[in-house]
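Content type mmCIF, C-alpha atoms, from the file model.cif:
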data_run
loop_
_atom_site.label_atom_id
_atom_site.label_comp_id
_atom_site.auth_asym_id
_atom_site.auth_seq_id
_atom_site.Cartn_x
_atom_site.Cartn_y
_atom_site.Cartn_z
CA MET A 125 -13.64 10.29 -14.63
CA LEU A 126 -13.62 8.14 -11.52
CA TRP A 127 -14.00 11.02 -9.02
CA LYS A 128 -16.54 13.82 -8.57
CA ASN A 129 -13.84 16.37 -7.71
CA PRO A 130 -10.91 15.40 -9.95
CA ALA A 131 -8.87 18.53 -9.14
CA LEU A 132 -8.77 17.70 -5.42
CA MET A 133 -8.19 14.00 -6.00
CA LEU A 134 -5.34 14.64 -8.43
CA ARG A 135 -3.65 16.88 -5.87
CA LEU A 136 -3.94 14.15 -3.25
CA LEU A 137 -2.54 11.56 -5.66
CA ALA A 138 0.33 13.86 -6.62
CA LEU A 139 1.11 14.39 -2.94
CA LEU A 140 1.06 10.63 -2.38
CA ILE A 141 3.42 9.97 -5.31
CA LEU A 142 5.88 12.72 -4.30
CA SER A 143 5.83 11.64 -0.66
CA GLU A 144 6.37 7.98 -1.47
CA ALA A 145 9.18 8.84 -3.91
CA ALA A 146 11.02 10.78 -1.19
CA HIS A 147 10.18 8.09 1.38
CA PHE A 148 11.50 5.19 -0.69
CA GLY A 149 14.39 7.29 -1.93
CA PHE A 150 15.54 8.06 1.59
CA PHE A 151 15.22 4.69 3.31
CA ILE A 152 16.07 2.39 0.41
CA THR A 153 18.58 4.52 -1.49
CA ALA A 154 20.00 7.57 0.25
CA LEU A 155 20.37 6.28 3.80
CA PRO A 156 22.40 3.16 2.89
CA LEU A 157 24.58 5.16 0.47
CA ARG A 158 25.15 7.92 3.06
CA ALA A 159 25.86 5.47 5.88
CA GLU A 160 29.63 6.08 5.96
CA SER A 161 29.33 9.87 6.04
CA LEU A 162 26.77 9.59 8.86
CA SER A 163 28.95 7.11 10.79
CA LEU A 164 26.16 4.52 10.68
CA ASN A 165 26.56 0.77 10.25
CA ALA A 166 24.01 -1.67 8.85
CA ALA A 167 22.58 -2.44 12.28
CA LEU A 168 21.97 1.24 13.09
CA ILE A 169 20.39 1.85 9.68
CA GLY A 170 18.17 -1.20 10.16
CA THR A 171 17.08 0.02 13.58
CA LEU A 172 16.38 3.52 12.26
CA THR A 173 14.37 2.21 9.33
CA GLY A 174 12.53 -0.37 11.42
CA GLY A 175 11.59 2.20 14.06
CA HIS A 176 10.25 4.55 11.43
CA TYR A 177 8.17 1.90 9.66
CA LEU A 178 6.83 0.54 12.94
CA ALA A 179 5.75 4.05 13.97
CA ASP A 180 4.14 4.51 10.56
CA ALA A 181 2.26 1.20 10.76
CA LEU A 182 0.97 1.62 14.31
CA SER A 183 -0.12 5.23 13.80
CA LYS A 184 -2.31 4.68 10.73
CA GLY A 185 -5.46 3.98 12.76
CA PRO A 186 -5.08 6.90 15.20
CA MET A 187 -4.01 9.27 12.42
CA GLY A 188 -6.99 8.21 10.32
CA TYR A 189 -9.25 8.92 13.29
CA LEU A 190 -7.76 12.39 13.81
CA ALA A 191 -8.00 13.18 10.11
CA GLY A 192 -11.62 12.10 9.94
CA ARG A 193 -12.55 14.02 13.09
CA TRP A 194 -10.55 17.25 12.83
CA GLY A 195 -9.51 17.45 9.18
CA ALA A 196 -6.62 16.09 7.19
CA GLY A 197 -4.90 19.21 5.85
CA LEU A 198 -2.79 20.04 8.90
CA LEU A 199 -1.69 16.42 9.39
CA LEU A 200 -0.56 16.15 5.76
CA ALA A 201 1.42 19.39 6.04
CA LEU A 202 3.07 18.31 9.32
CA ALA A 203 4.01 14.94 7.80
CA SER A 204 5.65 16.67 4.82
CA LEU A 205 7.47 19.10 7.11
CA ALA A 206 8.77 16.27 9.32
CA GLY A 207 10.07 14.47 6.23
CA LEU A 208 11.86 17.61 5.05
CA LEU A 209 13.48 18.02 8.48
CA VAL A 210 14.77 14.43 8.44
CA LEU A 211 16.11 14.69 4.89
CA GLY A 212 17.70 18.06 5.58
CA THR A 213 19.35 16.72 8.72
CA VAL A 214 20.86 13.77 6.86
CA THR A 215 22.09 16.05 4.08
CA VAL A 216 23.85 18.35 6.57
CA GLY A 217 24.92 15.50 8.89
CA HIS A 218 26.42 15.73 12.37
CA LEU A 219 23.17 14.99 14.24
CA PRO A 220 23.46 12.45 17.11
CA TYR A 221 21.96 9.08 16.24
CA LEU A 222 19.32 9.14 18.98
CA ALA A 223 18.11 12.56 17.77
CA LEU A 224 17.94 11.27 14.20
CA PHE A 225 16.07 8.18 15.39
CA ALA A 226 13.55 10.37 17.26
CA LEU A 227 13.01 12.59 14.20
CA ALA A 228 12.51 9.54 11.97
CA ALA A 229 9.99 8.11 14.47
CA VAL A 230 8.05 11.39 14.54
CA TRP A 231 8.04 11.38 10.74
CA GLY A 232 6.69 7.84 10.84
CA VAL A 233 3.84 8.77 13.19
CA LEU A 234 2.77 11.75 11.07
CA TYR A 235 3.35 9.86 7.81
CA GLY A 236 0.78 7.35 9.02
CA SER A 237 -1.92 9.88 8.11
CA LEU A 238 -1.12 9.89 4.38
CA TRP A 239 -2.62 6.63 3.13
CA PRO A 240 -5.82 6.66 5.26
CA VAL A 241 -6.52 10.24 4.13
CA VAL A 242 -5.93 9.56 0.43
CA MET A 243 -7.90 6.31 0.43
CA GLY A 244 -10.68 7.88 2.51
CA TYR A 245 -11.07 10.81 0.12
CA SER A 246 -10.79 8.54 -2.90
CA GLN A 247 -13.81 6.64 -1.59
CA LEU A 248 -15.63 9.83 -0.59
CA LEU A 249 -15.14 11.43 -4.01
CA ALA A 250 -15.67 8.29 -6.13
CA GLU A 251 -18.44 8.48 -8.68
CA PRO A 252 -21.38 6.23 -7.75
CA GLY A 253 -20.82 2.74 -9.11
CA ARG A 254 -17.07 3.26 -9.62
CA THR A 255 -15.75 2.90 -6.09
CA SER A 256 -13.79 -0.33 -6.63
CA ARG A 257 -11.95 1.07 -9.64
CA ALA A 258 -11.23 4.39 -7.94
CA LEU A 259 -9.80 2.72 -4.84
CA ALA A 260 -7.77 0.17 -6.83
CA LEU A 261 -6.22 2.93 -8.96
CA THR A 262 -5.42 4.93 -5.82
CA SER A 263 -3.72 1.96 -4.18
CA LEU A 264 -1.45 1.63 -7.25
CA ALA A 265 -0.21 5.22 -6.93
CA VAL A 266 2.66 3.84 -4.87
CA ALA A 267 4.18 2.37 -8.06
CA PRO A 268 5.39 5.65 -9.68
CA GLY A 269 6.69 6.78 -6.29
CA LEU A 270 8.71 3.57 -5.98
CA ALA A 271 9.98 3.88 -9.56
CA LEU A 272 11.09 7.48 -9.00
CA GLY A 273 12.52 7.00 -5.51
CA VAL A 274 14.46 3.81 -6.31
CA GLY A 275 14.68 3.37 -10.09
CA VAL A 276 15.66 7.00 -10.84
CA LEU A 277 17.19 8.24 -7.59
CA GLY A 278 19.27 5.09 -6.96
CA PRO A 279 21.40 5.20 -10.12
CA LEU A 280 21.70 8.99 -9.83
CA MET A 281 23.03 8.82 -6.27
CA GLN A 282 25.54 6.15 -7.25
CA ARG A 283 26.97 8.44 -9.95
CA GLN A 284 26.30 11.91 -8.51
CA PRO A 285 25.55 11.70 -4.77
CA GLN A 286 25.04 15.43 -4.29
CA GLN A 287 22.63 15.71 -7.21
CA GLY A 288 20.74 12.73 -5.82
CA LEU A 289 20.39 14.43 -2.44
CA ASP A 290 19.28 17.65 -4.12
CA LEU A 291 16.62 15.73 -6.05
CA LEU A 292 15.47 14.01 -2.85
CA LEU A 293 15.13 17.33 -1.03
CA GLY A 294 13.36 18.80 -4.05
CA LEU A 295 10.79 16.00 -4.09
CA GLN A 296 10.06 16.43 -0.39
CA GLY A 297 9.95 20.22 -0.76
CA LEU A 298 7.40 19.90 -3.55
CA ALA A 299 5.39 17.56 -1.33
CA LEU A 300 5.39 20.19 1.43
CA LEU A 301 4.28 22.95 -0.97
CA LEU A 302 1.51 20.75 -2.33
CA SER A 303 0.36 19.83 1.17
CA LEU A 304 0.02 23.53 2.01
CA THR A 305 -2.62 23.83 -0.73
CA LEU A 306 -4.62 21.18 1.19
CA LEU A 307 -4.53 22.90 4.60
CA ARG A 308 -8.25 23.72 4.42
CA LEU A 309 -9.18 20.11 3.73
CA LYS A 310 -12.21 19.46 5.93
CA PRO A 311 -13.10 16.27 7.78
CA ALA A 312 -15.09 13.75 5.78
CA PRO A 313 -18.85 14.38 6.13
CA GLN A 314 -20.49 12.36 8.87
CA THR A 315 -23.57 10.54 7.68
CA GLY A 316 -26.72 10.44 9.73
CA ASN A 317 -28.04 13.04 12.14
CA ARG A 318 -27.49 11.29 15.46
CA ALA A 319 -24.72 9.50 17.29
CA ALA A 320 -24.53 5.77 16.78
CA SER A 321 -25.44 3.57 19.72
CA LEU A 322 -23.00 1.03 21.15
CA GLY A 323 -24.87 -1.78 19.41
CA GLU A 324 -24.76 0.02 16.09
CA LEU A 325 -21.03 0.65 16.46
CA ARG A 326 -20.49 -3.02 17.25
CA ARG A 327 -22.37 -4.06 14.12
CA GLN A 328 -20.55 -1.50 11.99
CA TRP A 329 -17.09 -2.60 13.13
CA SER A 330 -17.81 -6.32 13.10
CA GLY A 331 -17.36 -6.35 9.32
CA VAL A 332 -13.96 -4.67 9.68
CA ALA A 333 -12.94 -7.24 12.29
CA LEU A 334 -13.76 -10.04 9.83
CA LEU A 335 -11.38 -8.49 7.28
CA LEU A 336 -8.38 -8.21 9.60
CA PRO A 337 -7.10 -11.84 9.46
CA ALA A 338 -7.35 -11.79 5.68
CA ALA A 339 -5.61 -8.40 5.49
CA LEU A 340 -2.67 -9.90 7.38
CA ALA A 341 -2.51 -13.05 5.25
CA GLN A 342 -2.76 -11.40 1.84
CA THR A 343 0.13 -9.02 2.53
CA LEU A 344 2.17 -11.80 4.11
CA ALA A 345 2.34 -13.67 0.77
CA PRO A 346 3.97 -10.92 -1.37
CA GLY A 347 6.06 -9.96 1.68
CA LEU A 348 7.78 -13.35 1.43
CA LEU A 349 9.71 -12.08 -1.60
CA VAL A 350 10.82 -8.66 -0.33
CA THR A 351 14.44 -9.65 0.39
CA LEU A 352 14.67 -12.57 -2.05
CA VAL A 353 14.28 -11.05 -5.53
CA PHE A 354 18.00 -10.86 -6.30
CA PRO A 355 18.91 -14.19 -4.63
CA LEU A 356 16.18 -15.85 -6.70
CA LEU A 357 17.46 -14.30 -9.92
CA ALA A 358 21.00 -15.41 -9.09
CA GLN A 359 19.89 -18.98 -8.40
CA PHE A 360 18.04 -19.20 -11.69
CA GLY A 361 20.85 -17.56 -13.66
CA LEU A 362 18.66 -14.66 -14.76
CA GLY A 363 19.32 -10.95 -15.17
CA MET A 364 16.84 -8.10 -15.00
CA MET A 365 16.60 -7.96 -18.79
CA ASP A 366 15.50 -11.62 -18.84
CA LEU A 367 12.36 -10.49 -17.02
CA ALA A 368 11.49 -7.78 -19.56
CA TRP A 369 8.95 -9.69 -21.66
CA PRO A 370 7.37 -11.63 -18.78
CA ALA A 371 7.15 -8.36 -16.82
CA LEU A 372 5.46 -6.69 -19.78
CA GLY A 373 2.92 -9.52 -19.75
CA LEU A 374 2.41 -8.89 -16.02
CA LEU A 375 1.72 -5.19 -16.61
CA VAL A 376 -0.67 -5.87 -19.49
CA GLY A 377 -2.53 -8.48 -17.42
CA LEU A 378 -2.67 -6.14 -14.45
CA GLY A 379 -3.94 -3.17 -16.45
CA LEU A 380 -6.62 -5.05 -18.36
CA THR A 381 -7.85 -6.94 -15.32
CA LEU A 382 -7.96 -3.83 -13.14
CA TRP A 383 -10.50 -2.27 -15.45
CA LEU A 384 -12.51 -5.37 -16.36
CA ALA A 385 -12.59 -6.79 -12.84
CA GLY A 386 -13.31 -3.31 -11.53
CA ARG A 387 -16.43 -3.08 -13.67
CA LEU A 388 -17.49 -6.52 -12.46
CA ALA A 389 -16.88 -5.57 -8.81
CA ASP A 390 -18.80 -2.29 -9.13
CA ARG A 391 -21.72 -3.74 -11.09
CA THR A 392 -22.21 -6.88 -9.00
CA SER A 393 -20.14 -7.61 -5.89
CA PRO A 394 -16.43 -7.08 -5.06
CA ARG A 395 -16.16 -10.74 -4.04
CA ARG A 396 -16.76 -11.78 -7.66
CA ALA A 397 -13.42 -10.18 -8.50
CA LEU A 398 -11.65 -10.92 -5.22
CA LEU A 399 -12.16 -14.69 -5.03
CA PRO A 400 -11.02 -15.53 -8.60
CA GLY A 401 -8.09 -13.15 -8.07
CA LEU A 402 -6.92 -15.10 -5.03
CA LEU A 403 -7.29 -18.37 -6.92
CA VAL A 404 -5.17 -17.10 -9.84
CA LEU A 405 -2.56 -15.73 -7.42
CA ALA A 406 -2.31 -19.13 -5.74
CA LEU A 407 -1.93 -20.77 -9.17
CA SER A 408 0.84 -18.38 -10.23
CA TYR A 409 2.78 -18.96 -7.00
CA GLY A 410 2.24 -22.71 -7.39
CA LEU A 411 3.77 -22.64 -10.88
CA LEU A 412 6.83 -20.85 -9.54
CA ALA A 413 7.19 -23.40 -6.71
CA LEU A 414 7.84 -26.21 -9.22
CA PRO A 415 11.40 -27.08 -10.30
CA HIS A 416 12.98 -24.78 -12.89
CA PRO A 417 10.50 -21.89 -12.58
CA GLU A 418 12.58 -19.85 -15.04
CA ASP A 419 11.04 -21.97 -17.81
CA ARG A 420 7.51 -20.85 -16.85
CA LEU A 421 8.00 -17.13 -16.26
CA TRP A 422 6.21 -16.37 -19.54
CA LEU A 423 3.06 -17.91 -18.02
CA ALA A 424 3.47 -17.26 -14.29
CA LEU A 425 4.09 -13.50 -14.43
CA PRO A 426 1.12 -12.62 -16.67
CA LEU A 427 -1.03 -14.80 -14.41
CA LEU A 428 0.37 -12.89 -11.44
CA GLY A 429 -0.71 -9.61 -13.09
CA VAL A 430 -4.20 -10.94 -13.78
CA GLY A 431 -4.51 -12.22 -10.22
CA TYR A 432 -3.38 -8.99 -8.61
CA GLY A 433 -5.60 -6.90 -10.89
CA ALA A 434 -8.68 -8.86 -9.86
CA PHE A 435 -7.61 -9.03 -6.23
CA LEU A 436 -6.90 -5.29 -5.88
CA THR A 437 -10.26 -4.21 -7.27
CA GLY A 438 -12.16 -6.81 -5.26
CA TRP A 439 -10.31 -6.16 -2.01
CA ASN A 440 -10.58 -2.37 -2.17
CA GLY A 441 -14.22 -2.54 -3.16
CA LEU A 442 -14.99 -4.92 -0.29
CA VAL A 443 -13.18 -2.75 2.25
CA GLY A 444 -15.02 0.31 0.92
CA GLN A 445 -18.36 -1.42 1.46
CA VAL A 446 -17.64 -2.69 4.96
CA LEU A 447 -16.07 0.36 6.62
CA PRO A 448 -18.43 2.15 9.04
CA GLN A 449 -20.31 5.23 7.90
CA GLY A 450 -18.51 8.47 8.71
CA GLN A 451 -15.45 6.62 10.08
CA ARG A 452 -13.83 5.49 6.90
CA MET A 453 -10.43 7.10 7.47
CA THR A 454 -10.22 5.39 10.85
CA GLY A 455 -11.21 2.12 9.20
CA TRP A 456 -8.67 2.47 6.39
CA GLY A 457 -6.02 3.18 9.01
CA ALA A 458 -6.92 0.06 11.01
CA ILE A 459 -6.89 -2.15 7.90
CA MET A 460 -3.57 -0.69 6.73
CA THR A 461 -1.95 -1.22 10.12
CA VAL A 462 -2.68 -4.94 9.91
CA GLU A 463 -1.51 -5.01 6.28
CA ALA A 464 1.77 -3.42 7.36
CA LEU A 465 2.25 -6.14 9.97
CA GLY A 466 1.82 -8.72 7.22
CA TYR A 467 4.51 -7.05 5.13
CA ALA A 468 6.77 -6.96 8.19
CA ALA A 469 6.31 -10.67 8.94
CA GLY A 470 6.63 -11.76 5.30
CA PRO A 471 10.41 -11.30 4.92
CA VAL A 472 11.05 -13.21 8.15
CA LEU A 473 9.00 -16.21 7.03
CA GLY A 474 10.35 -15.94 3.49
CA GLY A 475 13.93 -16.03 4.76
CA LEU A 476 13.23 -19.13 6.84
CA MET A 477 11.62 -20.95 3.91
CA TRP A 478 14.46 -19.95 1.59
CA THR A 479 17.09 -21.18 4.06
CA HIS A 480 15.49 -24.58 4.64
CA TYR A 481 13.53 -25.35 1.45
CA GLY A 482 14.80 -23.05 -1.28
CA HIS A 483 12.56 -21.35 -3.83
CA SER A 484 9.98 -24.14 -3.66
CA GLY A 485 9.38 -23.51 0.03
CA VAL A 486 8.98 -19.75 -0.52
CA PHE A 487 6.48 -19.97 -3.36
CA ALA A 488 4.61 -22.97 -1.94
CA THR A 489 4.14 -21.01 1.29
CA GLY A 490 2.79 -18.06 -0.70
CA ALA A 491 0.38 -20.31 -2.60
CA ALA A 492 -0.81 -21.86 0.68
CA VAL A 493 -1.40 -18.40 2.17
CA PHE A 494 -3.53 -17.35 -0.81
CA VAL A 495 -5.54 -20.59 -0.70
CA THR A 496 -6.08 -20.19 3.05
CA THR A 497 -7.23 -16.59 2.51
CA LEU A 498 -9.63 -17.75 -0.22
CA VAL A 499 -11.13 -20.38 2.10
CA TYR A 500 -11.44 -17.78 4.86
CA TYR A 501 -13.34 -15.40 2.56
CA LEU A 502 -15.70 -18.18 1.52
CA TRP A 503 -16.40 -18.88 5.18
CA ALA A 504 -16.80 -15.22 6.09
CA ALA A 505 -18.89 -14.28 3.03
CA GLY A 506 -22.15 -14.43 4.93
CA GLN A 507 -20.78 -12.98 8.14
CA ALA A 508 -20.07 -9.39 7.09
CA GLN A 509 -23.05 -7.20 6.30
CA PRO A 510 -21.74 -4.19 4.39
CA THR A 511 -22.85 -0.87 5.82
CA ARG A 512 -24.12 1.41 3.08
CA SER A 513 -25.02 5.05 3.07
CA THR A 514 -26.53 7.50 0.66
CA VAL A 515 -23.14 9.12 0.25
CA TYR A 516 -21.32 5.85 -0.51
CA SER A 517 -24.13 4.09 -2.33
CA GLU A 518 -23.04 0.95 -4.10
CA SER A 519 -26.43 0.46 -5.68
CA ALA A 520 -25.87 3.00 -8.46
CA ARG A 521 -24.50 1.51 -11.65
CA PRO A 522 -22.63 3.22 -14.46
#
For this file, write the structure as structure tokens.
Amino acid sequence: MLWKNPALMLRLLALLILSEAAHFGFFITALPLRAESLSLNAALIGTLTGGHYLADALSKGPMGYLAGRWGAGLLLALASLAGLLVLGTVTVGHLPYLALFALAAVWGVLYGSLWPVVMGYSQLLAEPGRTSRALALTSLAVAPGLALGVGVLGPLMQRQPQQGLDLLLGLQGLALLLSLTLLRLKPAPQTGNRAASLGELRRQWSGVALLLPAALAQTLAPGLLVTLVFPLLAQFGLGMMDLAWPALGLLVGLGLTLWLAGRLADRTSPRRALLPGLLVLALSYGLLALPHPEDRLWLALPLLGVGYGAFLTGWNGLVGQVLPQGQRMTGWGAIMTVEALGYAAGPVLGGLMWTHYGHSGVFATGAAVFVTTLVYYLWAAGQAQPTRSTVYSESARP
């Protein structure tokens, strides 16, 4: 097992999956499909969604700080309750738009506590020598939430809207019930027996500061494709079923590399997984930037899986090493805020490249971003001195 307290960690992961399923299901599926009954147009839905996600992104650092200082249980419960209020309001309808916008913004602020808490406890509870694998697996917990909230809820709401809404409310209700079992979740233990001096704090956070430009760049690259998946498929004359075998290769490459690169990252250094992962990601994007990329999907998508598997384990392991002692939830929140900004900027840049240069411009830009990030890490490799503690020791080996 990757964690010392699997029962607690599994509850946190279940809460994350349920919350993300309801989150994706509401903003990507239910809200657009309910737009007419709520008297909302595309612009109002976009503003509502954008305000919520902006509140979520900007609150991750402060919410991580509050969770690490005062305890996470109450914040998780309040986030689940706010989500249930928003979903219930949309189901009933007849709420003025500004009131709905305010509720969605409050949900976004409280929802900002979820990922820093789960990642912070995943690191806290990780078995010695398995931190990179534990954090990488935790970061992938968003995938089943996305599959449930979009892949299952979407078709259901198109056929049976009321059943879809009932399922959405049920998911959020389960999340609230599960969060109530975590109310007594204490703050993460603070290491050391004295307050850090200003100089020590500056040294501790300097490593985090070095990660921020890279955090922005490496989420910018996948963000390029957020709004372009279906236009790309249409241009290449492909359907979803045409991606089945290449996508299977991606999943196999991702799964195998997550474990193998995770062992390498935990036994030696996270950068030994991170840097090759970035190189393979740049190569896969470069292959797709060439003419007729549909002829190379069988190679590019498995390479993409291998690259992301190595990158995820290396990145999460590196962040886990660098974050300051006793302030890891705050650090995870700060990192994730910058990552969210990268995802927000990606679609804008991707749309511009698509408009002016087609698919080649989109994928070439992504490849350039990954190469730039790789060069940045090589430059910064000697700058960050990871802060270690007896609680988060990276010296132990499985």
Checklist line | Shell of 7 Å around region 171-177 of chain A, only C-alpha atoms, local chain residues under 4 positions omitted, as a PyMOL selection string | finding: chain A and resi 151+167+181+225+228-229+232
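Picture a line from CA of Thr215 (chain A) to CA of Leu300 (chain A); it runs 17.4 Å.
Minimum atom-to-atom distances from A:Phe435, A:Phe150, A:Tyr189, A:Tyr409 to Leu388 (chain A) were compared using all atoms listed in the file, and the lowest value belongs to A:Phe435.
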Check: Quick one: which residues end up in the PyMOL selection byres ((chain A and resi 439-446) around 7) for this structure, as a list of chain:residue names?
Finding: A:Gln247, A:Thr255, A:Ser256, A:Leu259, A:Ala260, A:Gly331, A:Val332, A:Ala389, A:Pro394, A:Leu398, A:Phe435, A:Leu436, A:Thr437, A:Gly438, A:Leu447, A:Pro448, A:Pro510, A:Thr511, A:Arg512
Checklist line | Which residue of A:Leu367, A:Leu352, A:Val499, A:Leu375 approaches Leu402 (chain A) most closely, using all atoms listed in the file | finding: A:Val499
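Using the PyMOL selection byres ((chain A and resi 343-345) around 6) on this structure selects Leu340, Ala341, Gln342, Pro346, Gly347, Leu348, Glu463, Gly466, Tyr467, Gly470 and Gly490 of chain A.
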